[in-house]
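> File final_34.pdb below, PDB, C-alpha atoms:
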MODEL        1
ATOM      1  CA  MET G   1       0.000   0.000   0.000
ATOM      2  CA  LYS G   2       1.204   3.510  -0.787
ATOM      3  CA  VAL G   3       1.123   6.239   1.838
ATOM      4  CA  LEU G   4       1.702   9.979   1.440
ATOM      5  CA  ILE G   5       2.684  11.946   4.529
ATOM      6  CA  LEU G   6       2.194  15.692   4.301
ATOM      7  CA  GLY G   7       4.771  17.597   6.317
ATOM      8  CA  GLY G   8       6.663  14.401   7.012
ATOM      9  CA  ALA G   9      10.140  15.897   7.473
ATOM     10  CA  GLY G  10       9.558  16.802  11.124
ATOM     11  CA  HIS G  11      10.222  14.672  14.181
ATOM     12  CA  ILE G  12       6.846  12.907  14.240
ATOM     13  CA  GLY G  13       6.890  12.461  10.465
ATOM     14  CA  VAL G  14      10.304  10.779  10.491
ATOM     15  CA  ILE G  15       9.196   8.363  13.211
ATOM     16  CA  THR G  16       6.030   7.613  11.222
ATOM     17  CA  VAL G  17       8.004   7.059   8.007
ATOM     18  CA  ALA G  18      10.348   4.590   9.736
ATOM     19  CA  HIS G  19       7.426   2.676  11.232
ATOM     20  CA  LEU G  20       5.514   2.460   7.953
ATOM     21  CA  LEU G  21       8.593   1.329   6.016
ATOM     22  CA  ARG G  22       9.169  -1.445   8.570
ATOM     23  CA  GLN G  23       5.548  -2.513   8.023
ATOM     24  CA  GLY G  24       6.153  -2.824   4.262
ATOM     25  CA  PHE G  25       4.406   0.331   3.041
ATOM     26  CA  GLU G  26       5.602   2.462   0.135
ATOM     27  CA  VAL G  27       6.031   5.872   1.762
ATOM     28  CA  SER G  28       6.179   9.281   0.130
ATOM     29  CA  VAL G  29       6.760  12.501   2.027
ATOM     30  CA  PHE G  30       5.579  15.876   0.746
ATOM     31  CA  ASP G  31       7.221  18.713   2.643
ATOM     32  CA  LYS G  32       8.231  22.321   2.163
ATOM     33  CA  ASN G  33      11.468  21.453   3.941
ATOM     34  CA  ILE G  34      11.980  24.870   5.514
ATOM     35  CA  PHE G  35      13.881  23.402   8.480
ATOM     36  CA  GLY G  36      15.926  20.891   6.492
ATOM     37  CA  ALA G  37      15.152  17.239   6.069
ATOM     38  CA  SER G  38      18.498  15.836   7.152
ATOM     39  CA  SER G  39      16.791  13.149   9.237
ATOM     40  CA  LEU G  40      15.106  11.834   6.095
ATOM     41  CA  LEU G  41      18.476  11.240   4.438
ATOM     42  CA  ALA G  42      18.830   8.038   6.450
ATOM     43  CA  PHE G  43      16.037   6.441   4.410
ATOM     44  CA  SER G  44      17.764   4.754   1.498
ATOM     45  CA  ASP G  45      14.860   2.330   1.164
ATOM     46  CA  PRO G  46      13.617   2.062  -2.452
ATOM     47  CA  SER G  47      10.069   2.248  -1.028
ATOM     48  CA  PHE G  48      10.711   5.826   0.148
ATOM     49  CA  ARG G  49      10.243   8.978  -1.950
ATOM     50  CA  PHE G  50      10.526  12.646  -1.046
ATOM     51  CA  PHE G  51       8.591  15.421  -2.806
ATOM     52  CA  HIS G  52       9.642  18.984  -2.132
ATOM     53  CA  GLY G  53       6.747  21.399  -2.306
ATOM     54  CA  ASP G  54       4.289  23.692  -0.616
ATOM     55  CA  ILE G  55       0.839  22.309   0.167
ATOM     56  CA  ARG G  56      -0.646  25.433  -1.448
ATOM     57  CA  ASP G  57       0.844  24.339  -4.807
ATOM     58  CA  ALA G  58      -1.944  22.105  -6.121
ATOM     59  CA  GLU G  59       0.050  20.886  -9.132
ATOM     60  CA  ALA G  60       2.979  19.699  -6.976
ATOM     61  CA  LEU G  61       0.619  18.118  -4.458
ATOM     62  CA  PHE G  62      -1.325  16.244  -7.148
ATOM     63  CA  ALA G  63       1.966  14.971  -8.612
ATOM     64  CA  ALA G  64       2.881  13.547  -5.197
ATOM     65  CA  MET G  65      -0.580  11.978  -4.863
ATOM     66  CA  LYS G  66      -0.350  10.164  -8.193
ATOM     67  CA  GLY G  67      -0.900   6.447  -7.723
ATOM     68  CA  LEU G  68      -2.630   6.655  -4.353
ATOM     69  CA  MET G  69      -5.830   4.664  -4.164
ATOM     70  CA  GLN G  70      -7.486   6.520  -1.294
ATOM     71  CA  LEU G  71      -7.065   9.684   0.699
ATOM     72  CA  SER G  72      -7.349   9.713   4.480
ATOM     73  CA  ILE G  73      -7.393  12.982   6.356
TER      74      ILE G  73
ENDMDL
END
Translate this file's structure into structure tokens.

Amino acid sequence: MKVLILGGAGHIGVITVAHLLRQGFEVSVFDKNIFGASSLLAFSDPSFRFFHGDIRDAEALFAAMKGLMQLSI
């Protein structure tokens, strides 16, 4: 299953990404990255993808959402 985490470069997001990858999910993070995403650099898993963008940019957000089957808010 594919998961997209919005704002996933923060402390809670990184913990969530690690947990989901261990569970076998394909994880994408969409983040503006204003504080740096150095903690995400540790994820060399091929099931991990990072999208740099602002949530107000609909085109970038839709590109990150491509391939998701459902949206949970």
> Identify, on the basis of only C-alpha atoms, every residue whose closest approach to stretch 23-31 of chain G does not exceed 8 Å; exclude the query and any residue fewer than 3 positions from it along the same chain; express the result as a list in words.
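Near stretch 23-31 of chain G, the qualifying residues are Met1, Lys2, Val3, Leu4, Ile5, Leu6, Gly7, Gly8, Ala9, Val17, His19, Leu20, Ser47, Phe48, Arg49, Phe50, Phe51, His52, Gly53, Asp54, Ile55, Leu61 and Ala64 of chain G.
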> Find the residue from G:Ala18, G:Ser44, G:Ile12, G:Asp57 that sits nearest to G:Lys32; use all atoms listed in the file when measuring.
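Distance minimum relative to G:Lys32 lands on G:Asp57.
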> Using only C-alpha atoms, find the one residue out of G:Leu40, G:Leu68, G:Ala58, G:Ala63 that sits nearest to G:Val14.
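For G:Val14, the nearest of the given residues is G:Leu40.
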> Using atom CA of G:Ile34 and atom CA of G:Pro46 as the two end points, give the distance in Å to one decimal.
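Calculated distance between atom CA of G:Ile34 and atom CA of G:Pro46 is 24.2 Å.
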